[in-house]
Amino acid sequence: MKPSIPKGTRDFSPAEMAKRNYIFDTIRRVFYTYGFQPIETPAMENLSTLMGKYGEEGDKLLFKVLNSGNFLEKIEDSRLKMEDSPNQASDAQTTSPSSTSLNRLAAQLCEKGLRYDLTVPFARYVVMHRDEITLPFRRFQMQPVWRADRPQRGRYREFYQCDADIVGTDSLLCEVDLVQMIDTVFRALGIRVAIHINNRKILSGIAEVIGQADKLIDITVAIDKLDKIGLENVNAELAEKGLPADAIAKLQPIILLNGTDDEKLATLRSTLASSETGLRGIEETEFILKNIHALQLQSAVILDLTLARGLNYYTGAIFEVKALDAEMGSISGGGRYDNLTGIFGLPGVSGVGISFGADRIYDVLTQLDLFPSEATEGTRVLFACFGSAEATWCLPIVSRLRQAGIATELYPDAAKMKKQMSYANARDIPYVVIVGETEMQSGNLTVKDMRSGTQATLTPDELLEKLNVCPQYADGHCD
């Protein structure tokens, strides 16, 4: 049988992992700089924790986990026992299964699921550990999530998210902090981005003034697809969800509003004058934009009324980040959720957070060739092996280089020199140290620069000084 992996998942080579770790390390450093603390939660959560938190479409994308590997055998045994009983078998043949019985069976089969995101598990964590954390609590989390989605370019069934959230305060300074952190991360990675901002209260106000307040979820889910499916298809989906033609018509000039941020907000203030919720959303957005503009970020910050983010738990400001120089969907996003912990028994704890899509960021960096050369640099020095005596002589020097933080290998076998040199070239190791009888007698090392092809005779101290004084330049070796 030919080995394979599930669609939408990937293996990562050492070179790819080096690049991924460059992304993770960059984001982690920024998280620490902004005062966030790390936590981890299990890959599996109880389905009762996950279901109903992401909307109808999100629930469909949850990977459900069988209660045990042989649980289906137990169900089959129960069915066979029923067939052995004449009365029960007769009933089973004459009665079709109801949706209630099917749901009951599904609950028996699966009580757990792979996490869809890191936000809902975090809300569960806050409730369970409320006596151990200090509010406001700033946490970050960098772990994989799973979605039973159709795999395509930039969309995977297993992928990493890098989340940062602040809970226990409704201060809009948190939103300002997160936008600044987004800018810091992407400046560090060298990616030019646009940060799109909207507010779910503004969307609620729009739904109110067009007379469709009860259709807010349908409206936001449809609008959120505008970039992907176009206005015509969005309107068709709205009509399919039951919005009348006049309401859809009223929606058009609002979601396609143009002009500066101030002009958009002024128009909205007039349009949403009858909606208290909508006006509150405008005030929040003005505060965030005013403070962000004062920071003079490098990233473009755009008020985007078509931004909806379909997840049900958002209640205030929402964000989405897109790369300016690469064709890719959202590479970061998030928003304010006022009462996500309430569904777990702890009401009134407001939170706001963002998530960086590490896999999409990887694709953007690859597409734009922005990974620095040092991101993939591994072993810097290889000690060639001529035999056990030479290897034993080299071991203390190898150990000394490693203690100095220099990635060093000793080739494990006394193979032909051509093979050892080919290994160094394949691994892109910049230096090979050759030690034979002459070197052992003199105490010096023959050091070959694999990129220039030159050789030098150095003492162990001189080699250590060369590698330590000369950092990892862009071309991978010292002059």
# chains A, B, ... in the order shown; residues from 1 in each chain; ligands from 1
$ select_by_dssp --residues "region 184-381 of chain A" --states "helix (DSSP H, G or I)" --output "ChimeraX atom specification"
/A:184-189,200-209,213-223,226-240,245-255,261-271,276-295,340-344,358-367,373-376
$ select_by_dssp --residues "region 137-326 of chain A" --states "strand (DSSP E)" --output "number ranges by chain"
A: 137-146, 158-167, 193-199, 300-303, 317-323
$ write_last_selection --atoms "N, CA and C atoms" --output "compact mmCIF listing (two decimals), in the first residue's frame"
# COMPACT_ATOMS: atom_id res chain seq x y z
N PHE A 137 -6.25 39.72 31.63
CA PHE A 137 -5.34 38.61 31.33
C PHE A 137 -4.95 38.67 29.86
N ARG A 138 -3.64 38.76 29.60
CA ARG A 138 -3.13 38.82 28.24
C ARG A 138 -2.44 37.49 27.94
N ARG A 139 -3.05 36.69 27.09
CA ARG A 139 -2.48 35.37 26.78
C ARG A 139 -2.19 35.25 25.30
N PHE A 140 -1.14 34.44 24.99
CA PHE A 140 -0.97 34.04 23.60
C PHE A 140 -0.88 32.53 23.54
N GLN A 141 -1.20 32.02 22.36
CA GLN A 141 -1.30 30.57 22.16
C GLN A 141 -0.91 30.28 20.71
N MET A 142 -0.01 29.31 20.50
CA MET A 142 0.45 28.98 19.16
C MET A 142 0.34 27.47 19.00
N GLN A 143 -0.78 27.02 18.40
CA GLN A 143 -1.07 25.59 18.29
C GLN A 143 -1.87 25.32 17.01
N PRO A 144 -1.90 24.04 16.59
CA PRO A 144 -2.68 23.71 15.39
C PRO A 144 -4.17 23.65 15.67
N VAL A 145 -4.97 23.92 14.64
CA VAL A 145 -6.42 23.77 14.68
C VAL A 145 -6.84 22.97 13.45
N TRP A 146 -8.09 22.47 13.47
CA TRP A 146 -8.54 21.59 12.39
C TRP A 146 -9.93 22.00 11.92
N GLU A 158 -5.62 21.14 8.45
CA GLU A 158 -4.83 21.28 9.66
C GLU A 158 -3.88 22.45 9.46
N PHE A 159 -3.93 23.40 10.36
CA PHE A 159 -3.05 24.55 10.22
C PHE A 159 -2.83 25.19 11.60
N TYR A 160 -1.78 25.98 11.68
CA TYR A 160 -1.43 26.63 12.95
C TYR A 160 -2.05 28.01 13.03
N GLN A 161 -2.48 28.35 14.25
CA GLN A 161 -2.88 29.72 14.54
C GLN A 161 -2.00 30.25 15.66
N CYS A 162 -1.72 31.53 15.60
CA CYS A 162 -0.95 32.20 16.63
C CYS A 162 -1.83 33.31 17.18
N ASP A 163 -2.47 33.04 18.33
CA ASP A 163 -3.48 33.94 18.88
C ASP A 163 -2.95 34.77 20.04
N ALA A 164 -3.44 35.98 20.14
CA ALA A 164 -3.20 36.83 21.31
C ALA A 164 -4.53 37.46 21.70
N ASP A 165 -4.90 37.33 22.97
CA ASP A 165 -6.18 37.85 23.46
C ASP A 165 -5.99 38.58 24.78
N ILE A 166 -6.86 39.56 25.01
CA ILE A 166 -6.92 40.28 26.28
C ILE A 166 -8.35 40.15 26.79
N VAL A 167 -8.51 39.57 27.99
CA VAL A 167 -9.85 39.43 28.57
C VAL A 167 -9.88 40.12 29.93
N VAL A 193 1.23 45.11 4.49
CA VAL A 193 -0.15 44.66 4.68
C VAL A 193 -1.09 45.85 4.78
N ALA A 194 -2.37 45.56 4.58
CA ALA A 194 -3.46 46.50 4.87
C ALA A 194 -4.29 45.89 5.99
N ILE A 195 -4.54 46.69 7.03
CA ILE A 195 -5.34 46.25 8.17
C ILE A 195 -6.74 46.82 8.00
N HIS A 196 -7.70 45.94 7.73
CA HIS A 196 -9.10 46.35 7.53
C HIS A 196 -9.83 46.31 8.87
N ILE A 197 -10.61 47.36 9.15
CA ILE A 197 -11.31 47.48 10.43
C ILE A 197 -12.79 47.76 10.18
N ASN A 198 -13.63 47.13 10.97
CA ASN A 198 -15.06 47.42 10.98
C ASN A 198 -15.56 47.18 12.39
N ASN A 199 -16.88 47.26 12.60
CA ASN A 199 -17.47 47.04 13.91
C ASN A 199 -18.79 46.32 13.75
N ALA A 300 -1.08 50.12 6.16
CA ALA A 300 -2.28 50.85 5.82
C ALA A 300 -3.43 50.37 6.70
N VAL A 301 -4.20 51.30 7.26
CA VAL A 301 -5.35 50.97 8.10
C VAL A 301 -6.59 51.51 7.41
N ILE A 302 -7.55 50.60 7.12
CA ILE A 302 -8.69 50.95 6.26
C ILE A 302 -9.99 50.62 6.97
N LEU A 303 -10.92 51.56 7.00
CA LEU A 303 -12.28 51.29 7.47
C LEU A 303 -13.03 50.61 6.33
N ALA A 317 -15.45 45.73 17.62
CA ALA A 317 -14.48 45.94 16.56
C ALA A 317 -14.03 44.61 15.97
N ILE A 318 -13.84 44.57 14.67
CA ILE A 318 -13.34 43.38 13.97
C ILE A 318 -12.21 43.81 13.04
N PHE A 319 -11.24 42.90 12.86
CA PHE A 319 -10.05 43.19 12.06
C PHE A 319 -9.81 42.08 11.06
N GLU A 320 -9.20 42.45 9.96
CA GLU A 320 -8.72 41.47 9.00
C GLU A 320 -7.50 42.07 8.28
N VAL A 321 -6.50 41.24 8.06
CA VAL A 321 -5.24 41.71 7.49
C VAL A 321 -4.97 40.99 6.18
N LYS A 322 -4.60 41.75 5.15
CA LYS A 322 -4.30 41.18 3.84
C LYS A 322 -2.95 41.68 3.34
N ALA A 323 -2.20 40.77 2.72
CA ALA A 323 -0.91 41.14 2.14
C ALA A 323 -1.14 41.98 0.89
$ closest_atom_pairs --of "region 391-417 of chain A" --to "region 439-452 of chain A" --cutoff "12 Å" --atoms "only C-alpha atoms" --output "Markdown table"
| residue | atom | partner | partner_atom | distance |
| --- | --- | --- | --- | --- |
| A:Ala391 | CA | A:Met440 | CA | 10.6 |
| A:Thr392 | CA | A:Met440 | CA | 10.7 |
| A:Trp393 | CA | A:Met440 | CA | 7.4 |
| A:Cys394 | CA | A:Met440 | CA | 9.0 |
| A:Ile397 | CA | A:Leu445 | CA | 10.2 |
| A:Val398 | CA | A:Leu445 | CA | 12.0 |
$ write_last_selection --atoms "N, CA and C atoms" --output "JSON list (two decimals), in the first residue's frame"
[["chain", "number", "residue", "atom", "x", "y", "z"],
["A", 391, "ALA", "N", 38.38, 10.79, 15.51],
["A", 391, "ALA", "CA", 37.09, 11.21, 16.06],
["A", 391, "ALA", "C", 37.23, 11.50, 17.55],
["A", 392, "THR", "N", 37.93, 10.63, 18.27],
["A", 392, "THR", "CA", 38.13, 10.84, 19.71],
["A", 392, "THR", "C", 38.89, 12.14, 19.97],
["A", 393, "TRP", "N", 39.89, 12.45, 19.14],
["A", 393, "TRP", "CA", 40.67, 13.68, 19.29],
["A", 393, "TRP", "C", 39.79, 14.91, 19.04],
["A", 394, "CYS", "N", 38.83, 14.78, 18.10],
["A", 394, "CYS", "CA", 37.98, 15.92, 17.73],
["A", 394, "CYS", "C", 36.86, 16.20, 18.74],
["A", 397, "ILE", "N", 36.85, 19.32, 20.97],
["A", 397, "ILE", "CA", 36.71, 20.57, 20.21],
["A", 397, "ILE", "C", 35.27, 20.75, 19.74],
["A", 398, "VAL", "N", 34.67, 19.65, 19.28],
["A", 398, "VAL", "CA", 33.25, 19.69, 18.88],
["A", 398, "VAL", "C", 32.40, 20.16, 20.06]]
$ residues_around --residues "region 267-272 of chain A" --least-positions-apart "6" --cutoff "10 Å" --atoms "only C-alpha atoms" --output "list in words"
Ile202, Ser204, Gly205, Ile206, Ala207, Glu208, Val209, Ile210, Ile254, Leu257, Asn258, Gly259, Asp261, Gly278, Leu279, Arg280, Gly281, Ile282, Glu283 and Leu305 of chain A
$ write_last_selection --atoms "C-alpha atoms" --output "mmCIF file, in the first residue's frame"
data_model
loop_
_atom_site.group_PDB
_atom_site.id
_atom_site.type_symbol
_atom_site.label_atom_id
_atom_site.label_comp_id
_atom_site.auth_asym_id
_atom_site.auth_seq_id
_atom_site.Cartn_x
_atom_site.Cartn_y
_atom_site.Cartn_z
ATOM 1 C CA ILE A 202 -22.250 49.142 12.821
ATOM 2 C CA SER A 204 -26.166 45.540 13.545
ATOM 3 C CA GLY A 205 -27.230 49.143 13.019
ATOM 4 C CA ILE A 206 -27.320 48.623 9.250
ATOM 5 C CA ALA A 207 -29.511 45.537 9.727
ATOM 6 C CA GLU A 208 -31.840 47.600 11.927
ATOM 7 C CA VAL A 209 -32.272 50.537 9.542
ATOM 8 C CA ILE A 210 -33.084 48.269 6.589
ATOM 9 C CA ILE A 254 -23.902 51.252 2.592
ATOM 10 C CA LEU A 257 -19.496 53.252 0.633
ATOM 11 C CA ASN A 258 -16.387 55.079 -0.658
ATOM 12 C CA GLY A 259 -14.335 58.038 0.531
ATOM 13 C CA ASP A 261 -12.583 57.179 6.817
ATOM 14 C CA GLY A 278 -25.025 51.570 15.184
ATOM 15 C CA LEU A 279 -24.057 54.977 16.623
ATOM 16 C CA ARG A 280 -22.182 53.258 19.456
ATOM 17 C CA GLY A 281 -20.243 51.254 16.871
ATOM 18 C CA ILE A 282 -19.335 54.478 15.052
ATOM 19 C CA GLU A 283 -18.034 56.035 18.302
ATOM 20 C CA LEU A 305 -17.749 48.248 5.832
#
$ closest_residue --among "A:Thr9, A:Asn46, A:Ser275, A:Gln367" --to "Tyr156 (chain A)" --atoms "only C-alpha atoms"
A:Thr9
$ residues_around --residues "region 425-431 of chain A" --least-positions-apart "3" --cutoff "12 Å" --atoms "only C-alpha atoms" --output "VMD selection string"
chain A and resid 14 to 15 373 to 374 376 to 384 406 to 410 418 to 422 434 445 to 456 463 466 to 467 472 to 473 475 to 478
$ residues_around --residues "Ser48 (chain A)" --least-positions-apart "4" --cutoff "9 Å" --atoms "only C-alpha atoms" --output "MDAnalysis selection string"
chainID A and resid 52 111:112
$ closest_residue --among "A:Glu276, A:Glu286, A:Glu465, A:Asp183" --to "Lys264 (chain A)" --atoms "only C-alpha atoms"
A:Glu286
$ atom_distance --atom1 "CA of Ile39 (chain A)" --atom2 "CA of Phe122 (chain A)"
8.9 Å
$ residues_around --residues "region 329-338 of chain A" --least-positions-apart "5" --cutoff "7 Å" --atoms "only C-alpha atoms" --output "list in words"
Tyr313, Tyr314, Thr315, Gly316, Ala317, Ile318, Phe319, Glu320, Val321, Lys322, Val349, Ser350, Gly351, Val352, Gly353, Ile354, Ser355, Phe356, Gly357, Arg360 and Ile361 of chain A
$ write_last_selection --atoms "C-alpha atoms" --output "short mmCIF file (atom, residue, chain, number, x, y, z; two decimals), in the first residue's frame"
data_model
loop_
_atom_site.label_atom_id
_atom_site.label_comp_id
_atom_site.auth_asym_id
_atom_site.auth_seq_id
_atom_site.Cartn_x
_atom_site.Cartn_y
_atom_site.Cartn_z
CA TYR A 313 -19.19 35.55 18.90
CA TYR A 314 -17.87 38.93 17.68
CA THR A 315 -19.73 41.91 19.16
CA GLY A 316 -17.56 45.00 18.55
CA ALA A 317 -14.48 45.94 16.56
CA ILE A 318 -13.34 43.38 13.97
CA PHE A 319 -10.05 43.19 12.06
CA GLU A 320 -8.72 41.47 9.00
CA VAL A 321 -5.24 41.71 7.49
CA LYS A 322 -4.30 41.18 3.84
CA VAL A 349 -16.04 39.11 30.88
CA SER A 350 -15.24 41.10 27.75
CA GLY A 351 -12.36 40.11 25.53
CA VAL A 352 -10.63 41.03 22.30
CA GLY A 353 -8.06 39.13 20.29
CA ILE A 354 -6.31 38.52 17.01
CA SER A 355 -5.00 35.44 15.25
CA PHE A 356 -2.06 35.16 12.85
CA GLY A 357 -2.39 32.43 10.20
CA ARG A 360 -0.68 31.56 5.00
CA ILE A 361 2.12 33.82 6.23
#
$ residues_around --residues "Thr366 (chain A)" --least-positions-apart "5" --cutoff "12 Å" --atoms "only C-alpha atoms" --output "PyMOL selection string"
chain A and resi 16+19-20+23+189-191+325-328+359-361+371-372
$ write_last_selection --atoms "C-alpha atoms" --output "PDB file, in the first residue's frame"
ATOM      1  CA  GLU A  16      10.547  24.101   5.805  1.00  0.00           C
ATOM      2  CA  LYS A  19      11.296  28.727   7.938  1.00  0.00           C
ATOM      3  CA  ARG A  20       8.178  27.986   9.985  1.00  0.00           C
ATOM      4  CA  ILE A  23       7.724  32.835  11.678  1.00  0.00           C
ATOM      5  CA  LEU A 189       8.552  39.777   8.710  1.00  0.00           C
ATOM      6  CA  GLY A 190       8.949  42.305   5.883  1.00  0.00           C
ATOM      7  CA  ILE A 191       5.375  41.906   4.584  1.00  0.00           C
ATOM      8  CA  ASP A 325       2.005  42.191  -2.664  1.00  0.00           C
ATOM      9  CA  ALA A 326       0.705  38.614  -2.763  1.00  0.00           C
ATOM     10  CA  GLU A 327      -2.500  36.921  -3.835  1.00  0.00           C
ATOM     11  CA  MET A 328      -3.710  35.426  -0.596  1.00  0.00           C
ATOM     12  CA  ASP A 359       0.558  28.749   7.209  1.00  0.00           C
ATOM     13  CA  ARG A 360      -0.682  31.564   5.001  1.00  0.00           C
ATOM     14  CA  ILE A 361       2.119  33.818   6.233  1.00  0.00           C
ATOM     15  CA  PHE A 371      12.777  34.485   4.127  1.00  0.00           C
ATOM     16  CA  PRO A 372      16.224  35.664   5.292  1.00  0.00           C
TER      17      PRO A 372
END
$ decode --residues "region 292-322 of chain A" --atoms "C-alpha atoms" --output "CSV table (one decimal), in the first residue's frame"
chain,number,residue,atom,x,y,z
A,292,ILE,CA,-4.1,54.3,15.5
A,293,HIS,CA,-3.4,57.2,13.2
A,294,ALA,CA,-1.6,59.0,16.0
A,295,LEU,CA,0.9,56.1,16.1
A,296,GLN,CA,1.8,56.6,12.4
A,297,LEU,CA,2.0,52.9,11.7
A,298,GLN,CA,3.7,51.6,8.5
A,299,SER,CA,0.7,49.4,7.6
A,300,ALA,CA,-2.3,50.9,5.8
A,301,VAL,CA,-5.4,51.0,8.1
A,302,ILE,CA,-8.7,50.9,6.3
A,303,LEU,CA,-12.3,51.3,7.5
A,304,ASP,CA,-14.0,48.5,5.5
A,305,LEU,CA,-17.7,48.2,5.8
A,306,THR,CA,-17.8,45.0,3.8
A,307,LEU,CA,-15.7,43.3,6.5
A,308,ALA,CA,-18.1,41.2,8.6
A,309,ARG,CA,-16.2,38.1,9.9
A,310,GLY,CA,-18.9,35.5,10.0
A,311,LEU,CA,-18.1,34.0,13.5
A,312,ASN,CA,-21.1,34.6,15.8
A,313,TYR,CA,-19.2,35.5,18.9
A,314,TYR,CA,-17.9,38.9,17.7
A,315,THR,CA,-19.7,41.9,19.2
A,316,GLY,CA,-17.6,45.0,18.5
A,317,ALA,CA,-14.5,45.9,16.6
A,318,ILE,CA,-13.3,43.4,14.0
A,319,PHE,CA,-10.1,43.2,12.1
A,320,GLU,CA,-8.7,41.5,9.0
A,321,VAL,CA,-5.2,41.7,7.5
A,322,LYS,CA,-4.3,41.2,3.8
